[in-house]
$ cat coords.txt   # compact mmCIF, C-alpha atoms
# COMPACT_ATOMS: atom_id res chain seq x y z
CA MET A 443 0.00 0.00 0.00
CA LEU A 444 1.23 3.46 -0.84
CA VAL A 445 1.44 5.58 2.32
CA LEU A 446 1.51 9.38 2.15
CA THR A 447 1.55 12.01 4.89
CA ARG A 448 -0.73 15.01 4.34
CA LYS A 449 -1.62 18.11 6.32
CA ILE A 450 -5.01 19.77 6.60
CA HIS A 451 -6.18 21.21 3.26
CA GLN A 452 -3.59 19.19 1.40
CA SER A 453 -4.82 16.58 -1.03
CA ILE A 454 -3.87 13.68 -3.22
CA VAL A 455 -4.96 13.07 -6.78
CA ILE A 456 -5.76 9.60 -8.12
CA GLY A 457 -5.48 9.37 -11.87
CA ASP A 458 -6.51 12.52 -13.70
CA GLU A 459 -9.93 13.00 -12.23
CA VAL A 460 -10.12 12.06 -8.55
CA GLU A 461 -8.95 14.31 -5.72
CA VAL A 462 -9.12 13.55 -2.00
CA VAL A 463 -8.68 16.50 0.37
CA VAL A 464 -8.07 16.35 4.13
CA LEU A 465 -10.59 18.84 5.52
CA GLU A 466 -10.35 18.36 9.25
CA VAL A 467 -8.62 16.17 11.83
CA ARG A 468 -10.27 15.85 15.23
CA GLY A 469 -8.92 13.19 17.58
CA GLU A 470 -9.44 9.87 15.83
CA GLN A 471 -11.71 11.32 13.15
CA VAL A 472 -10.63 12.58 9.78
CA ARG A 473 -12.98 14.48 7.46
CA LEU A 474 -12.21 13.97 3.81
CA GLY A 475 -13.52 15.77 0.78
CA ILE A 476 -13.67 13.82 -2.46
CA ARG A 477 -13.85 15.39 -5.89
CA ALA A 478 -14.59 12.82 -8.56
CA PRO A 479 -16.51 12.55 -11.85
CA LYS A 480 -20.19 11.69 -11.48
CA ASP A 481 -19.71 8.23 -12.90
CA VAL A 482 -17.32 7.29 -10.09
CA ALA A 483 -19.14 5.80 -7.12
CA VAL A 484 -17.67 6.62 -3.71
CA HIS A 485 -18.78 4.64 -0.67
CA ARG A 486 -17.76 4.01 2.91
CA LYS A 487 -15.94 0.71 2.94
CA GLU A 488 -17.94 -0.79 5.82
CA ILE A 489 -21.23 -0.14 3.97
CA TYR A 490 -19.83 -1.78 0.88
CA ASP A 491 -18.65 -4.78 2.93
CA GLN A 492 -22.09 -5.17 4.55
CA ILE A 493 -23.76 -5.18 1.14
CA VAL A 494 -21.37 -7.88 -0.05
CA GLU A 495 -22.27 -9.90 3.05
CA GLU A 496 -26.03 -9.43 2.44
CA ASN A 497 -25.61 -10.57 -1.16
CA ARG A 498 -23.86 -13.70 0.04
CA GLY A 499 -26.62 -14.16 2.63
CA ALA A 500 -29.26 -14.00 -0.10
CA SER A 501 -27.45 -16.79 -1.95
CA ARG A 502 -27.48 -19.00 1.15
CA VAL A 503 -31.22 -18.86 1.84
CA ARG A 504 -32.81 -22.30 1.92
CA PRO A 505 -35.91 -22.51 -0.29
CA GLU A 506 -37.83 -24.22 2.53
CA ASP A 507 -37.37 -21.13 4.73
CA VAL A 508 -39.06 -18.80 2.25
CA PRO A 509 -42.57 -17.94 3.48
CA GLY A 510 -45.68 -18.24 1.33
CA MET B 228 -30.98 -22.50 -23.34
CA ARG B 229 -30.52 -24.97 -20.53
CA LEU B 230 -28.96 -24.79 -17.08
CA ASN B 231 -28.13 -28.02 -15.30
CA GLY B 232 -27.40 -28.64 -11.65
CA THR B 233 -29.18 -25.67 -10.07
CA ARG B 234 -30.82 -25.92 -6.66
CA PHE B 235 -34.08 -26.10 -8.59
CA GLY B 236 -33.00 -28.83 -10.96
CA THR B 237 -32.59 -28.30 -14.70
CA ILE B 238 -33.89 -24.98 -15.98
CA ASP B 239 -34.84 -24.23 -19.58
CA PHE B 240 -35.05 -20.58 -20.52
CA GLU B 241 -35.07 -18.31 -23.52
CA ALA B 242 -32.03 -16.11 -24.19
CA GLU B 243 -34.27 -13.05 -24.18
CA ASP B 244 -35.35 -13.83 -20.61
CA MET B 245 -31.81 -13.40 -19.36
CA VAL B 246 -30.86 -10.25 -17.45
CA THR B 247 -27.32 -8.90 -17.65
CA PHE B 248 -25.55 -7.17 -14.79
CA GLU B 249 -22.50 -5.82 -16.60
CA GLU B 250 -20.67 -5.26 -13.29
CA GLY B 251 -22.12 -8.26 -11.48
CA LEU B 252 -23.64 -7.90 -8.05
CA ILE B 253 -21.64 -5.91 -5.51
CA GLY B 254 -18.73 -8.09 -4.40
CA LEU B 255 -19.52 -10.74 -7.01
CA PRO B 256 -18.30 -9.24 -10.29
CA ALA B 257 -17.89 -12.57 -12.08
CA LEU B 258 -21.63 -13.34 -12.13
CA LYS B 259 -23.14 -11.22 -14.89
CA HIS B 260 -25.97 -13.21 -16.42
CA PHE B 261 -29.08 -14.34 -14.58
CA VAL B 262 -32.57 -15.65 -15.04
CA ILE B 263 -35.32 -14.61 -12.64
CA LEU B 264 -37.40 -17.52 -11.38
CA ASN B 265 -40.66 -17.26 -9.48
CA HIS B 266 -40.47 -18.83 -6.04
CA ARG B 267 -44.16 -19.74 -6.22
CA GLU B 268 -47.19 -18.45 -8.03
CA ASP B 269 -48.41 -15.21 -6.39
CA SER B 270 -45.32 -15.00 -4.16
CA PRO B 271 -43.37 -11.72 -3.89
CA PHE B 272 -40.18 -13.77 -3.84
CA ARG B 273 -37.98 -14.59 -6.83
CA TRP B 274 -34.70 -16.38 -7.32
CA LEU B 275 -31.98 -14.58 -9.22
CA GLN B 276 -30.36 -17.65 -10.72
CA SER B 277 -26.82 -17.25 -12.03
CA VAL B 278 -26.20 -18.54 -15.54
CA GLU B 279 -22.40 -18.63 -15.07
CA ASP B 280 -22.52 -20.63 -11.82
CA SER B 281 -25.55 -22.88 -11.64
CA ALA B 282 -25.02 -23.40 -7.88
CA MET B 283 -25.61 -19.69 -7.19
CA ALA B 284 -29.13 -18.34 -6.75
CA PHE B 285 -30.02 -15.26 -4.74
CA LEU B 286 -33.34 -14.74 -3.00
CA ILE B 287 -34.83 -11.43 -4.10
CA ALA B 288 -38.26 -9.85 -3.72
CA GLU B 289 -40.48 -7.14 -5.07
CA PRO B 290 -40.16 -4.56 -2.30
CA ALA B 291 -43.65 -3.11 -2.77
CA GLN B 292 -45.13 -6.33 -1.43
CA LEU B 293 -42.96 -6.44 1.69
CA VAL B 294 -42.47 -2.83 2.77
CA SER B 295 -44.44 0.37 2.30
CA ASP B 296 -43.17 3.80 1.30
CA TYR B 297 -40.09 2.50 -0.48
CA THR B 298 -39.14 4.97 -3.18
CA PRO B 299 -35.50 4.49 -4.12
CA ILE B 300 -33.92 7.40 -6.00
CA VAL B 301 -31.42 6.10 -8.52
CA ALA B 302 -28.33 8.29 -8.99
CA ASP B 303 -27.78 9.90 -12.39
CA ARG B 304 -24.69 7.79 -13.09
CA ASP B 305 -26.73 4.60 -12.54
CA GLN B 306 -29.60 5.88 -14.68
CA GLN B 307 -27.15 6.63 -17.46
CA ALA B 308 -25.46 3.25 -17.18
CA LEU B 309 -28.86 1.55 -17.46
CA GLU B 310 -30.12 3.96 -20.14
CA LEU B 311 -33.13 4.78 -18.00
CA ASP B 312 -35.22 7.81 -18.73
CA ALA B 313 -38.50 8.92 -17.20
CA ASP B 314 -40.66 6.56 -19.24
CA THR B 315 -38.42 3.47 -19.36
CA PRO B 316 -40.17 0.55 -17.70
CA CYS B 317 -37.98 -0.67 -14.89
CA LEU B 318 -38.03 -3.45 -12.33
CA VAL B 319 -36.88 -3.04 -8.75
CA TYR B 320 -35.89 -5.92 -6.52
CA VAL B 321 -34.24 -6.16 -3.12
CA THR B 322 -32.08 -9.02 -1.87
CA VAL B 323 -33.53 -11.06 1.00
CA SER B 324 -31.68 -12.85 3.79
CA ILE B 325 -33.29 -15.51 5.96
CA PRO B 326 -31.25 -17.23 8.70
CA PRO B 327 -31.65 -21.02 8.43
CA GLY B 328 -34.91 -22.11 10.09
CA LYS B 329 -35.85 -18.54 11.09
CA PRO B 330 -38.10 -17.01 8.45
CA GLU B 331 -39.37 -14.55 11.10
CA ASP B 332 -35.89 -12.97 11.13
CA MET B 333 -36.00 -12.22 7.41
CA THR B 334 -34.30 -8.97 6.39
CA VAL B 335 -34.23 -7.12 3.09
CA ASN B 336 -31.47 -4.85 1.85
CA LEU B 337 -33.21 -1.58 1.05
CA ALA B 338 -29.91 0.32 0.73
CA ALA B 339 -28.72 -1.52 -2.37
CA PRO B 340 -31.64 -2.51 -4.62
CA LEU B 341 -31.33 -4.21 -7.99
CA ILE B 342 -32.61 -1.99 -10.79
CA ILE B 343 -33.37 -3.58 -14.16
CA ASN B 344 -34.22 -1.80 -17.39
CA ALA B 345 -37.15 -3.94 -18.53
CA ARG B 346 -36.60 -2.94 -22.15
CA THR B 347 -32.92 -3.84 -22.50
CA ARG B 348 -32.84 -6.32 -19.57
CA ALA B 349 -29.70 -4.62 -18.27
CA GLY B 350 -29.44 -4.54 -14.49
CA ARG B 351 -27.33 -2.93 -11.82
CA GLN B 352 -27.14 -3.15 -8.06
CA VAL B 353 -27.08 0.46 -6.90
CA ILE B 354 -26.16 1.95 -3.52
CA LEU B 355 -28.69 4.57 -2.46
CA GLU B 356 -27.64 7.78 -0.80
CA ASN B 357 -30.79 7.95 1.34
CA GLU B 358 -29.62 6.79 4.77
CA ALA B 359 -33.19 6.04 5.88
CA TYR B 360 -32.93 2.79 3.93
CA THR B 361 -30.97 0.18 5.80
CA ILE B 362 -29.00 -2.86 4.68
CA LYS B 363 -30.78 -5.12 7.16
CA HIS B 364 -34.39 -4.00 7.25
CA ARG B 365 -36.57 -6.40 9.24
CA VAL B 366 -39.70 -7.28 7.33
CA LEU B 367 -41.68 -8.93 10.10
CA GLN B 368 -42.38 -7.44 13.51
CA ALA B 369 -42.09 -9.54 16.67
CA GLY B 370 -45.69 -10.75 16.33
CA GLY B 371 -45.09 -11.96 12.81
CA THR B 372 -47.02 -9.18 11.10
CA VAL B 373 -45.57 -7.13 8.30
CA ALA B 374 -43.78 -4.09 9.73
CA GLU B 375 -45.13 -0.64 8.95
CA SER B 376 -43.60 2.00 6.74
CA VAL B 377 -39.87 2.10 6.14
CA ALA B 378 -38.89 5.74 6.03
CA ALA B 379 -40.07 8.41 8.43
$ encode --input "coords.txt" --output "structure tokens"
Amino acid sequence: MLVLTRKIHQSIVIGDEVEVVVLEVRGEQVRLGIRAPKDVAVHRKEIYDQIVEENRGASRVRPEDVPG
Amino acid sequence: MRLNGTRFGTIDFEAEDMVTFEEGLIGLPALKHFVILNHREDSPFRWLQSVEDSAMAFLIAEPAQLVSDYTPIVADRDQQALELDADTPCLVYVTVSIPPGKPEDMTVNLAAPLIINARTRAGRQVILENEAYTIKHRVLQAGGTVAESVAA
């Protein structure tokens, strides 16, 4: 993994079109601003991981447990 | 076309009944082609059966029959990817999880519905920005009745 040190209001660019800015650091919390084209989806990783887990859950349902 | 070895036995289907998720489901990019099977007649539940991997079928449902007031707003980038405009017929499904032997603990993922352009049969699992819709929304209340409206 590439590791970079940044100060408040400094940013990194990813490719030509994505910029991530450090807006605020407060204790253990970091506020980030993300500038990206509209066709790039940006999500919190834990939300993404939970959706992956739900999708796997949906594939493990036993037909006999489905009501109706 | 024919699929052997699914959980539902051998399935015959027409190529035009296939739906294509160009990017797969979230976390499962290799599965792109599916057929949608009815669980039973008059049931809100369907099985999203993978064509690539006959062992994989996902329980999905028509949300309108399980929850009220569910009005997902699809982001522009997803609408463009699916070539949806205001009058394109589209299908909305949510994935359903049921712990083994506990249908009363069924949850639906309202935060990441499956949107399908009914004209082109192209589909996409989208992540909604509305935080009122949760990933594990309980469908049944403690007494076994269908829970009331989703969003405040």
$ interface_residues --input "coords.txt" --of "chain A" --to "chain B" --cutoff "8 Å" --atoms "all atoms listed in the file" --output "list of chain:residue names"
A:Lys480, A:Asp481, A:Val482, A:Tyr490, A:Gln492, A:Ile493, A:Val494, A:Glu496, A:Asn497, A:Arg498, A:Gly499, A:Ala500, A:Ser501, A:Arg502, A:Val503, A:Arg504, A:Asp507, A:Val508, A:Pro509, A:Gly510
$ residues_around --input "coords.txt" --residues "Val464 of chain A" --least-positions-apart "3" --cutoff "10 Å" --atoms "all atoms listed in the file" --output "NGL selection string"
:A and (448-454 or 467 or 472-476)
$ atom_distance --input "coords.txt" --atom1 "atom CA of Gly457 of chain A" --atom2 "atom CA of Ala478 of chain A"
10.3 Å
$ atom_distance --input "coords.txt" --atom1 "atom CA of Val262 of chain B" --atom2 "atom CA of Ser281 of chain B"
10.6 Å
$ axis_aligned_box --input "coords.txt" --around "segment 307-311 of chain B" --padding-each-side "4 Å" --output "JSON"
{"center_x": -29.3, "center_y": 4.1, "center_z": -18.7, "size_x": 15.7, "size_y": 13.1, "size_z": 11.0}
$ residues_around --input "coords.txt" --residues "Ile342 of chain B" --least-positions-apart "2" --cutoff "6 Å" --atoms "all atoms listed in the file" --output "VMD selection string"
chain B and resid 318 to 319 350 to 351
$ atom_distance --input "coords.txt" --atom1 "atom CA of Asn344 of chain B" --atom2 "atom CA of Glu250 of chain B"
14.6 Å
$ closest_residue --input "coords.txt" --among "B:His260, B:Asn265, B:Asp312, B:Tyr320" --to "Val246 of chain B" --atoms "all atoms listed in the file"
B:His260
$ residues_around --input "coords.txt" --residues "Leu293 of chain B" --least-positions-apart "4" --cutoff "8 Å" --atoms "only C-alpha atoms" --output "ChimeraX atom specification"
/B:271,288-289,366,373
$ write_last_selection --input "coords.txt" --atoms "C-alpha atoms" --output "short mmCIF file (atom, residue, chain, number, x, y, z; two decimals), in the coordinates of the input"
data_model
loop_
_atom_site.label_atom_id
_atom_site.label_comp_id
_atom_site.auth_asym_id
_atom_site.auth_seq_id
_atom_site.Cartn_x
_atom_site.Cartn_y
_atom_site.Cartn_z
CA PRO B 271 -43.37 -11.72 -3.89
CA ALA B 288 -38.26 -9.85 -3.72
CA GLU B 289 -40.48 -7.14 -5.07
CA VAL B 366 -39.70 -7.28 7.33
CA VAL B 373 -45.57 -7.13 8.30
#
$ residues_around --input "coords.txt" --residues "Leu258 of chain B" --least-positions-apart "2" --cutoff "8 Å" --atoms "all atoms listed in the file" --output "PyMOL selection string"
chain B and resi 248+251-252+255-256+260-261+277-280
$ write_last_selection --input "coords.txt" --atoms "C-alpha atoms" --output "PDB file, keeping the file's coordinate frame"
ATOM      1  CA  PHE B 248     -25.550  -7.170 -14.790  1.00  0.00           C
ATOM      2  CA  GLY B 251     -22.120  -8.260 -11.480  1.00  0.00           C
ATOM      3  CA  LEU B 252     -23.640  -7.900  -8.050  1.00  0.00           C
ATOM      4  CA  LEU B 255     -19.520 -10.740  -7.010  1.00  0.00           C
ATOM      5  CA  PRO B 256     -18.300  -9.240 -10.290  1.00  0.00           C
ATOM      6  CA  HIS B 260     -25.970 -13.210 -16.420  1.00  0.00           C
ATOM      7  CA  PHE B 261     -29.080 -14.340 -14.580  1.00  0.00           C
ATOM      8  CA  SER B 277     -26.820 -17.250 -12.030  1.00  0.00           C
ATOM      9  CA  VAL B 278     -26.200 -18.540 -15.540  1.00  0.00           C
ATOM     10  CA  GLU B 279     -22.400 -18.630 -15.070  1.00  0.00           C
ATOM     11  CA  ASP B 280     -22.520 -20.630 -11.820  1.00  0.00           C
TER      12      ASP B 280
END
$ build_atoms --input "coords.txt" --residues "segment 474-485 of chain A" --atoms "N, CA, C and O atoms" --output "mmCIF file, in the frame of the given file"
data_model
loop_
_atom_site.group_PDB
_atom_site.id
_atom_site.type_symbol
_atom_site.label_atom_id
_atom_site.label_comp_id
_atom_site.auth_asym_id
_atom_site.auth_seq_id
_atom_site.Cartn_x
_atom_site.Cartn_y
_atom_site.Cartn_z
ATOM 1 N N LEU A 474 -12.804 13.932 5.138
ATOM 2 C CA LEU A 474 -12.210 13.970 3.810
ATOM 3 C C LEU A 474 -13.195 14.564 2.826
ATOM 4 O O LEU A 474 -14.397 14.333 2.920
ATOM 5 N N GLY A 475 -12.694 15.319 1.900
ATOM 6 C CA GLY A 475 -13.520 15.770 0.780
ATOM 7 C C GLY A 475 -13.064 15.034 -0.474
ATOM 8 O O GLY A 475 -11.863 14.845 -0.668
ATOM 9 N N ILE A 476 -14.026 14.596 -1.263
ATOM 10 C CA ILE A 476 -13.670 13.820 -2.460
ATOM 11 C C ILE A 476 -14.256 14.490 -3.682
ATOM 12 O O ILE A 476 -15.455 14.757 -3.743
ATOM 13 N N ARG A 477 -13.402 14.793 -4.631
ATOM 14 C CA ARG A 477 -13.850 15.390 -5.890
ATOM 15 C C ARG A 477 -13.636 14.328 -6.958
ATOM 16 O O ARG A 477 -12.513 13.879 -7.173
ATOM 17 N N ALA A 478 -14.722 13.895 -7.573
ATOM 18 C CA ALA A 478 -14.590 12.820 -8.560
ATOM 19 C C ALA A 478 -15.675 13.002 -9.619
ATOM 20 O O ALA A 478 -16.711 13.610 -9.352
ATOM 21 N N PRO A 479 -15.465 12.467 -10.824
ATOM 22 C CA PRO A 479 -16.510 12.550 -11.850
ATOM 23 C C PRO A 479 -17.770 11.835 -11.370
ATOM 24 O O PRO A 479 -17.698 10.930 -10.538
ATOM 25 N N LYS A 480 -18.908 12.237 -11.935
ATOM 26 C CA LYS A 480 -20.190 11.690 -11.480
ATOM 27 C C LYS A 480 -20.307 10.184 -11.694
ATOM 28 O O LYS A 480 -21.086 9.520 -11.017
ATOM 29 N N ASP A 481 -19.565 9.667 -12.656
ATOM 30 C CA ASP A 481 -19.710 8.230 -12.900
ATOM 31 C C ASP A 481 -18.840 7.384 -11.977
ATOM 32 O O ASP A 481 -18.847 6.164 -12.061
ATOM 33 N N VAL A 482 -18.116 8.043 -11.068
ATOM 34 C CA VAL A 482 -17.320 7.290 -10.090
ATOM 35 C C VAL A 482 -18.114 7.196 -8.793
ATOM 36 O O VAL A 482 -18.477 8.214 -8.206
ATOM 37 N N ALA A 483 -18.397 5.991 -8.364
ATOM 38 C CA ALA A 483 -19.140 5.800 -7.120
ATOM 39 C C ALA A 483 -18.161 5.819 -5.952
ATOM 40 O O ALA A 483 -17.101 5.215 -6.016
ATOM 41 N N VAL A 484 -18.515 6.542 -4.901
ATOM 42 C CA VAL A 484 -17.670 6.620 -3.710
ATOM 43 C C VAL A 484 -18.499 6.148 -2.522
ATOM 44 O O VAL A 484 -19.601 6.668 -2.302
ATOM 45 N N HIS A 485 -18.010 5.168 -1.794
ATOM 46 C CA HIS A 485 -18.780 4.640 -0.670
ATOM 47 C C HIS A 485 -17.881 4.369 0.523
ATOM 48 O O HIS A 485 -16.701 4.084 0.369
#
